[in-house]
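*Asks:* The structure is given below, and queries will be raised subsequently.
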Amino acid sequence: MEPTAPITQDVMTIPRKSDTTGKRNLVGLTRDQLREALIAVGTPEKQAKMRTGQVWQWIYQWGVRDFDAMTNLAKTYRAMLAENFVIEIPEVVTRKVSEDGTRKYLVRIAGGHEVEVVYIPEEGRGTLCISSQVGCTLTCSFCHTGTQKLVRNLTAAEIVGQIMLARDDLDEWPEPGAPKDEARLLSNVVLMGMGEPLYNFENVRDAMLIAMDPEGIQLSRRRITLSTSGVVPEIARTAKEIGCLLAISFHATTDEVRDKLVPINKRWNIKTLLDTLREYPRLSNSERITFEYVMLNGVNDSDEDAHRLIEHLKGIPAKVNLIPFNEWPGSPYTRSSNNRIRAFADIIFNAGYASPVRKPRGEDIMAACGQLKSETERARKSKRQIEAETGLG
């Protein structure tokens, strides 16, 4: 593990909302659901489309949480909304800032459960890594998140709410009526946090469609990347119903090794996954599939692995993101050397595939890829125990 850098940490505890029993949260509703909800509390059907658009813009374009601030609605209508609805997003419990500018939010959701959200600033852009489940069911042996058992799926409100709370923290909601500013601190979203997004498909889909809506947060579908470990039946649905970019958490070139690293491979093996990807509806040179490949010393980083990976990629417009392993307490693996990573990357690149090496970000605050885990679930497994479970001892 690289030496940790100094961090700054400020803890924010947001006061809990007052009792909202009987009031429905508007965050996370699709446009059709929002329209139906407004009609159900007395909005005339002839006005419902207009009112839906107005409320939608206040929530998602301007970031307004107070119905009284929706000034293009009559006072009586605003009072009716306040009587029946709330606008609530997840609660930020702590916020940590890495030396490199990465921000990690510990976020509390309904039931007192917690997930982690990470914002990574880069020159001219910023990427938010969001979670789709509390914990994870996949138990990938190199991933710290995978050592936390699945608790539940996040709702659409809890998923899109992660984007909203990050925009709050970045102070990035525009002022109503102000000139449009194309520069964005939060320009990209990746579904690479806690959980397997395709095991929570409907909620992920609804949240991303809200984020892409042109009258709201306005993220381009090509600015959203969904990462899956290979839930084959839902991959085609992703293209048809969401339309975002796709990343595959691949990490091995033989079934024997991938069965241990990514256990879902036992259900849908490498050949089945690759055959499905070759038929991906949006597959093109301009919308390549990203193959994520974590570099594990002596496990999957040989020249032979690189050449096998090239064979696997034939017929798939693809790029390979090589990820230096981000170590965590109790992990049975170590990071490949820089020389080994460079040699592996060169083989992939010389075969005609982009092979960038991802720069570790936020390691000092456990915010790097594969390190996310609720702070209330930090109980460490011993290295020997994890090795025994994975069969890699």
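Chain identifiers are assigned as A, B, and so on, following the order in which chains appear in the structure tokens; residues are numbered from 1 within each chain, and ligands are numbered from 1 in order of appearance.
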Would you pick out the contacts of Glu292 in chain A at 8 Å or less, using only C-alpha atoms, so that residues sharing its chain but fewer than 3 positions from it are not included, and give the list as a CSV table (one decimal) with N, CA and C atoms, in the first residue's frame?
*Replies:*
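Written file, out-v1.csv:
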```csv
chain,number,residue,atom,x,y,z
A,247,ALA,N,-19.7,-0.6,-19.2
A,247,ALA,CA,-18.4,-1.0,-18.8
A,247,ALA,C,-18.5,-2.4,-18.2
A,248,ILE,N,-17.6,-3.3,-18.4
A,248,ILE,CA,-17.6,-4.6,-17.9
A,248,ILE,C,-16.5,-4.8,-16.9
A,249,SER,N,-16.8,-5.3,-15.7
A,249,SER,CA,-15.8,-5.6,-14.7
A,249,SER,C,-15.3,-7.0,-15.0
A,250,PHE,N,-14.2,-7.0,-15.8
A,250,PHE,CA,-13.8,-8.3,-16.4
A,250,PHE,C,-12.7,-9.0,-15.6
A,251,HIS,N,-11.5,-8.5,-15.5
A,251,HIS,CA,-10.5,-8.8,-14.5
A,251,HIS,C,-9.8,-10.2,-14.7
A,320,VAL,N,-9.6,-0.9,-22.9
A,320,VAL,CA,-9.3,-1.6,-21.7
A,320,VAL,C,-8.8,-0.6,-20.7
A,321,ASN,N,-9.5,-0.5,-19.6
A,321,ASN,CA,-9.0,0.4,-18.5
A,321,ASN,C,-8.3,-0.5,-17.5
A,322,LEU,N,-7.0,-0.3,-17.4
A,322,LEU,CA,-6.2,-1.1,-16.4
A,322,LEU,C,-6.2,-0.3,-15.1
A,323,ILE,N,-6.5,-1.1,-14.0
A,323,ILE,CA,-6.7,-0.5,-12.7
A,323,ILE,C,-5.7,-1.0,-11.8
```
*Asks:* Show me, as a list in words, the residues that have an atom within 10 Å of Ile341 in chain A when counting only C-alpha atoms, minus same-chain residues fewer than 3 positions from it.
*Replies:*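 These residues fall inside the cut-off: Val294, Met295, Leu296, Asn297, Asp301, Ser302, Leu322, Ile323, Pro324, Arg335, Ser336, Ser337, Asn338, Phe344, Ala345, Asp346 and Val357 of chain A.
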*Asks:* Deliver the residues from the most recent selection as a file, using C-alpha atoms, as a tab-separated table (two decimals), in the first residue's frame.
*Replies:*
```
chain	number	residue	atom	x	y	z
A	294	VAL	CA	-7.71	-4.71	-12.06
A	295	MET	CA	-4.01	-5.59	-12.01
A	296	LEU	CA	-3.25	-8.25	-9.37
A	297	ASN	CA	0.32	-9.33	-8.84
A	301	ASP	CA	-1.06	-9.80	-15.04
A	302	SER	CA	1.14	-12.05	-17.22
A	322	LEU	CA	-6.17	-1.08	-16.44
A	323	ILE	CA	-6.68	-0.46	-12.73
A	324	PRO	CA	-3.76	-0.74	-10.32
A	335	ARG	CA	-0.82	-4.54	-6.71
A	336	SER	CA	1.15	-5.45	-9.84
A	337	SER	CA	4.40	-3.55	-10.23
A	338	ASN	CA	4.47	-0.45	-12.38
A	344	PHE	CA	0.68	-5.44	-20.06
A	345	ALA	CA	-0.66	-2.10	-21.32
A	346	ASP	CA	1.84	-2.04	-24.20
A	357	VAL	CA	-3.85	2.97	-16.77
```
*Asks:* Tell me which protein, DNA and RNA residues are within 9 Å of Cys129 in chain A, counting only C-alpha atoms, leaving out same-chain ones fewer than 2 positions away, and put them as a list of chain:residue names.
*Replies:*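 The residues satisfying every condition are A:Glu116, A:Val117, A:Val118, A:Tyr119, A:Ile120, A:Thr127, A:Ser131, A:Asn188, A:Val189, A:Val190, A:Leu191, A:Met192, A:Gly193.
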*Asks:* Could you go through range 139-388 of chain A and tell me which residues DSSP, when run on the backbone, assigns to alpha helix (DSSP H), listing them as a ChimeraX atom specification?
*Replies:* /A:156-170,201-212,232-237,255-261,270-278,303-313,338-350,383-388
*Asks:* Just to be explicit: take each residue in the selection above, keep C-alpha atoms, and write the result as a PDB file, in the first residue's frame.
*Replies:*
```
ATOM      1  CA  ALA A 156     -34.688   5.592  -7.722  1.00  0.00           C
ATOM      2  CA  ALA A 157     -34.918   8.540  -5.298  1.00  0.00           C
ATOM      3  CA  GLU A 158     -31.856   7.348  -3.380  1.00  0.00           C
ATOM      4  CA  ILE A 159     -29.890   6.876  -6.609  1.00  0.00           C
ATOM      5  CA  VAL A 160     -30.654  10.197  -8.291  1.00  0.00           C
ATOM      6  CA  GLY A 161     -30.465  11.806  -4.853  1.00  0.00           C
ATOM      7  CA  GLN A 162     -26.737  11.035  -4.809  1.00  0.00           C
ATOM      8  CA  ILE A 163     -26.279  13.267  -7.847  1.00  0.00           C
ATOM      9  CA  MET A 164     -28.373  15.972  -6.215  1.00  0.00           C
ATOM     10  CA  LEU A 165     -26.453  15.972  -2.934  1.00  0.00           C
ATOM     11  CA  ALA A 166     -23.153  16.222  -4.820  1.00  0.00           C
ATOM     12  CA  ARG A 167     -24.491  19.212  -6.756  1.00  0.00           C
ATOM     13  CA  ASP A 168     -25.495  20.718  -3.419  1.00  0.00           C
ATOM     14  CA  ASP A 169     -21.971  20.295  -2.082  1.00  0.00           C
ATOM     15  CA  LEU A 170     -20.410  21.665  -5.266  1.00  0.00           C
ATOM     16  CA  PHE A 201     -32.358  -2.513 -13.024  1.00  0.00           C
ATOM     17  CA  GLU A 202     -35.688  -0.678 -12.787  1.00  0.00           C
ATOM     18  CA  ASN A 203     -34.574   1.751 -10.086  1.00  0.00           C
ATOM     19  CA  VAL A 204     -31.270   2.426 -11.844  1.00  0.00           C
ATOM     20  CA  ARG A 205     -33.089   2.964 -15.150  1.00  0.00           C
ATOM     21  CA  ASP A 206     -35.620   5.399 -13.689  1.00  0.00           C
ATOM     22  CA  ALA A 207     -32.923   7.356 -11.852  1.00  0.00           C
ATOM     23  CA  MET A 208     -30.734   7.672 -14.933  1.00  0.00           C
ATOM     24  CA  LEU A 209     -33.644   8.735 -17.145  1.00  0.00           C
ATOM     25  CA  ILE A 210     -34.354  11.489 -14.612  1.00  0.00           C
ATOM     26  CA  ALA A 211     -30.687  12.526 -14.688  1.00  0.00           C
ATOM     27  CA  MET A 212     -30.727  12.639 -18.506  1.00  0.00           C
ATOM     28  CA  VAL A 232     -26.062 -11.219 -19.086  1.00  0.00           C
ATOM     29  CA  PRO A 233     -29.893 -11.126 -19.282  1.00  0.00           C
ATOM     30  CA  GLU A 234     -30.019  -7.398 -18.463  1.00  0.00           C
ATOM     31  CA  ILE A 235     -27.238  -6.179 -20.767  1.00  0.00           C
ATOM     32  CA  ALA A 236     -29.411  -5.728 -23.869  1.00  0.00           C
ATOM     33  CA  ARG A 237     -32.063  -3.963 -21.739  1.00  0.00           C
ATOM     34  CA  ASP A 255     -12.828 -19.049 -16.400  1.00  0.00           C
ATOM     35  CA  GLU A 256     -10.722 -20.702 -13.699  1.00  0.00           C
ATOM     36  CA  VAL A 257      -9.364 -17.367 -12.470  1.00  0.00           C
ATOM     37  CA  ARG A 258     -12.514 -15.316 -13.132  1.00  0.00           C
ATOM     38  CA  ASP A 259     -14.617 -17.825 -11.158  1.00  0.00           C
ATOM     39  CA  LYS A 260     -12.530 -16.857  -8.109  1.00  0.00           C
ATOM     40  CA  LEU A 261     -12.221 -13.124  -8.768  1.00  0.00           C
ATOM     41  CA  ILE A 270     -16.528 -15.579 -20.290  1.00  0.00           C
ATOM     42  CA  LYS A 271     -17.771 -16.986 -23.607  1.00  0.00           C
ATOM     43  CA  THR A 272     -21.430 -16.345 -22.764  1.00  0.00           C
ATOM     44  CA  LEU A 273     -20.637 -12.793 -21.659  1.00  0.00           C
ATOM     45  CA  LEU A 274     -18.549 -11.984 -24.732  1.00  0.00           C
ATOM     46  CA  ASP A 275     -21.142 -13.428 -27.118  1.00  0.00           C
ATOM     47  CA  THR A 276     -23.754 -11.166 -25.514  1.00  0.00           C
ATOM     48  CA  LEU A 277     -21.488  -8.116 -25.784  1.00  0.00           C
ATOM     49  CA  ARG A 278     -20.896  -8.723 -29.490  1.00  0.00           C
ATOM     50  CA  ASP A 303       1.969 -11.492 -20.892  1.00  0.00           C
ATOM     51  CA  GLU A 304      -0.099 -14.604 -21.598  1.00  0.00           C
ATOM     52  CA  ASP A 305      -3.102 -12.959 -19.931  1.00  0.00           C
ATOM     53  CA  ALA A 306      -2.637  -9.870 -22.100  1.00  0.00           C
ATOM     54  CA  HIS A 307      -2.575 -11.927 -25.289  1.00  0.00           C
ATOM     55  CA  ARG A 308      -5.646 -13.927 -24.213  1.00  0.00           C
ATOM     56  CA  LEU A 309      -7.461 -10.664 -23.486  1.00  0.00           C
ATOM     57  CA  ILE A 310      -6.737  -9.490 -27.033  1.00  0.00           C
ATOM     58  CA  GLU A 311      -8.241 -12.704 -28.399  1.00  0.00           C
ATOM     59  CA  HIS A 312     -11.350 -12.201 -26.262  1.00  0.00           C
ATOM     60  CA  LEU A 313     -11.844  -8.659 -27.578  1.00  0.00           C
ATOM     61  CA  ASN A 338       4.468  -0.450 -12.385  1.00  0.00           C
ATOM     62  CA  ASN A 339       6.768  -2.218 -14.869  1.00  0.00           C
ATOM     63  CA  ARG A 340       4.403  -5.173 -15.138  1.00  0.00           C
ATOM     64  CA  ILE A 341       1.396  -2.882 -15.668  1.00  0.00           C
ATOM     65  CA  ARG A 342       3.241  -0.942 -18.375  1.00  0.00           C
ATOM     66  CA  ALA A 343       4.266  -4.140 -20.163  1.00  0.00           C
ATOM     67  CA  PHE A 344       0.683  -5.437 -20.057  1.00  0.00           C
ATOM     68  CA  ALA A 345      -0.655  -2.104 -21.323  1.00  0.00           C
ATOM     69  CA  ASP A 346       1.843  -2.038 -24.195  1.00  0.00           C
ATOM     70  CA  ILE A 347       0.727  -5.460 -25.434  1.00  0.00           C
ATOM     71  CA  ILE A 348      -2.917  -4.344 -25.459  1.00  0.00           C
ATOM     72  CA  PHE A 349      -2.091  -1.003 -27.085  1.00  0.00           C
ATOM     73  CA  ASN A 350       0.076  -2.577 -29.801  1.00  0.00           C
ATOM     74  CA  LYS A 383      -6.326 -12.153   5.267  1.00  0.00           C
ATOM     75  CA  ARG A 384      -6.285 -15.887   6.052  1.00  0.00           C
ATOM     76  CA  GLN A 385     -10.100 -16.011   6.214  1.00  0.00           C
ATOM     77  CA  ILE A 386     -10.543 -14.265   2.865  1.00  0.00           C
ATOM     78  CA  GLU A 387      -7.921 -16.474   1.226  1.00  0.00           C
ATOM     79  CA  ALA A 388      -9.742 -19.542   2.527  1.00  0.00           C
TER      80      ALA A 388
END
```
*Asks:* Could you check how far CA of Val299 in chain A sits from CA of Leu150 in chain A, in Å to one decimal?
*Replies:* 26.6 Å
